[in-house]
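Heads up, the thing below is written out as structure tokens.
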Amino acid sequence: MEVLEKGTSLYNTSSEQEFIDEYYPKTPNISVDYAIMEKADNVYTIPSDIAWSDLGTWNSLYAFRDKDANANVVNGDTFLEDTNNCLIRIPKDKLAVIKGLEDYIIIDEKDVLLIFPKHLEQEIKPLVKKINKEGLK
């Protein structure tokens, strides 16, 4: 990235973080593989089968994790009834009581609670942009 090349001499110095804070937001919002890896001439690959998954989506995380008897992936204290095929993440020291949900993503972060149908997961990012545009954090 041309923007970041300006600070090459600052890497591994006390000024590195200040440079990154200023210039990183000016970089294009594209994936690392497209922005850097495809342009590099010193990257090599070794064929292998390591069952790798991006885990960049809630559904890919759901697919990767172990499931309970009702096909739920649960992280945190929960009491579930008639709840199936859900991905649930609850903070420590909090109990979630959930009844009657199927195929949902339920993520409780300290500042936001997300309850979203798994099959509509691709709508989360545009919704976050809309929320931010409206001034909600």
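Simple scheme: letters A, B, ... for chains in structure tokens order, numbers from 1 for residues in each chain, numbers from 1 for ligands in the order shown.
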
| field | DSSP strand (DSSP E) residues within segment 3-79 of chain A, listed as a VMD selection string | value | chain A and resid 73 to 75 77 to 79

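Atom pair atom CA of Ile98 of chain A / atom CA of Asn75 of chain A: separated by 13.5 Å.
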
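The protein and nucleic acid residues lying at most 10 Å from segment 117-122 of chain A are Thr57, Trp58, Asn59, Tyr62, Asn85, Cys86, Leu87, Leu101, Glu102, Asp103, Tyr104, Ile105, Ile106, Leu114, Lys125, Pro126 and Leu127 of chain A, with only C-alpha atoms considered and sequence neighbours fewer than 3 positions away removed.
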
Just write the chosen residues, C-alpha atoms, as an mmCIF file, in the first residue's frame.
data_model
loop_
_atom_site.group_PDB
_atom_site.id
_atom_site.type_symbol
_atom_site.label_atom_id
_atom_site.label_comp_id
_atom_site.auth_asym_id
_atom_site.auth_seq_id
_atom_site.Cartn_x
_atom_site.Cartn_y
_atom_site.Cartn_z
ATOM 1 C CA THR A 57 -19.065 -14.683 9.479
ATOM 2 C CA TRP A 58 -21.344 -15.793 12.282
ATOM 3 C CA ASN A 59 -22.592 -18.700 10.146
ATOM 4 C CA TYR A 62 -21.601 -21.735 13.808
ATOM 5 C CA ASN A 85 -29.889 -24.309 15.439
ATOM 6 C CA CYS A 86 -28.873 -21.036 17.098
ATOM 7 C CA LEU A 87 -25.516 -19.388 17.690
ATOM 8 C CA LEU A 101 -36.135 -19.516 18.585
ATOM 9 C CA GLU A 102 -34.840 -21.435 15.589
ATOM 10 C CA ASP A 103 -31.946 -20.524 13.310
ATOM 11 C CA TYR A 104 -30.979 -17.272 15.046
ATOM 12 C CA ILE A 105 -27.755 -15.481 15.898
ATOM 13 C CA ILE A 106 -27.893 -14.110 19.450
ATOM 14 C CA LEU A 114 -27.861 -8.681 18.319
ATOM 15 C CA LYS A 125 -23.017 -5.258 7.758
ATOM 16 C CA PRO A 126 -25.295 -2.913 5.770
ATOM 17 C CA LEU A 127 -27.479 -2.543 8.841
#

| Which one of A:Asp33, A:Glu134, A:Asp77, A:Glu123 sits closest to Asp108 of chain A if you count only C-alpha atoms? | A:Asp77

| said: If DSSP is run on the backbone, what residues of segment 7-126 of chain A are helix (DSSP H, G or I)? A reply as number ranges by chain would be ideal. | reply: A: 8-10, 16-26, 32-35, 37-39, 58-64, 118-126

With C-alpha atoms retained, export the selected residues as an mmCIF file, in the first residue's frame.
data_model
loop_
_atom_site.group_PDB
_atom_site.id
_atom_site.type_symbol
_atom_site.label_atom_id
_atom_site.label_comp_id
_atom_site.auth_asym_id
_atom_site.auth_seq_id
_atom_site.Cartn_x
_atom_site.Cartn_y
_atom_site.Cartn_z
ATOM 1 C CA THR A 8 8.456 2.318 6.499
ATOM 2 C CA SER A 9 11.259 4.006 8.434
ATOM 3 C CA LEU A 10 8.961 4.357 11.480
ATOM 4 C CA GLU A 16 5.051 3.578 14.617
ATOM 5 C CA GLN A 17 1.675 3.650 16.410
ATOM 6 C CA GLU A 18 1.189 7.357 15.783
ATOM 7 C CA PHE A 19 1.875 6.814 12.076
ATOM 8 C CA ILE A 20 -0.559 3.876 11.898
ATOM 9 C CA ASP A 21 -3.256 5.838 13.733
ATOM 10 C CA GLU A 22 -2.963 8.643 11.199
ATOM 11 C CA TYR A 23 -2.465 6.747 7.929
ATOM 12 C CA TYR A 24 -4.245 3.405 8.323
ATOM 13 C CA PRO A 25 -7.730 5.008 8.090
ATOM 14 C CA LYS A 26 -6.646 6.415 4.705
ATOM 15 C CA VAL A 32 -5.437 -8.124 2.700
ATOM 16 C CA ASP A 33 -5.164 -10.870 0.078
ATOM 17 C CA TYR A 34 -6.242 -8.500 -2.693
ATOM 18 C CA ALA A 35 -4.428 -5.408 -1.399
ATOM 19 C CA MET A 37 -0.795 -10.726 -1.167
ATOM 20 C CA GLU A 38 -1.766 -10.702 -4.859
ATOM 21 C CA LYS A 39 0.782 -7.972 -5.581
ATOM 22 C CA TRP A 58 -21.344 -15.793 12.282
ATOM 23 C CA ASN A 59 -22.592 -18.700 10.146
ATOM 24 C CA SER A 60 -19.054 -19.933 9.467
ATOM 25 C CA LEU A 61 -18.361 -19.808 13.214
ATOM 26 C CA TYR A 62 -21.601 -21.735 13.808
ATOM 27 C CA ALA A 63 -20.555 -24.381 11.277
ATOM 28 C CA PHE A 64 -17.111 -24.749 12.877
ATOM 29 C CA LYS A 118 -29.092 -16.733 10.531
ATOM 30 C CA HIS A 119 -30.300 -16.821 6.930
ATOM 31 C CA LEU A 120 -30.240 -12.995 6.807
ATOM 32 C CA GLU A 121 -26.696 -12.683 8.159
ATOM 33 C CA GLN A 122 -25.475 -10.865 5.037
ATOM 34 C CA GLU A 123 -27.763 -7.964 5.995
ATOM 35 C CA ILE A 124 -25.889 -7.303 9.254
ATOM 36 C CA LYS A 125 -23.017 -5.258 7.758
ATOM 37 C CA PRO A 126 -25.295 -2.913 5.770
#

| request: For Phe79 of chain A, please output as number ranges by chain all residues within 9 Å (counting only C-alpha atoms; exclusion window: fewer than 5 positions along the same chain). | output: A: 95-99

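One distance worth recording is that between atom CA of Asn132 of chain A and atom CA of Val112 of chain A, which is 12.8 Å.
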
| query | What separation in Å, quoted to one decimal, exists between atom CA of Thr27 of chain A and atom CA of Val3 of chain A? | reply | 6.5 Å
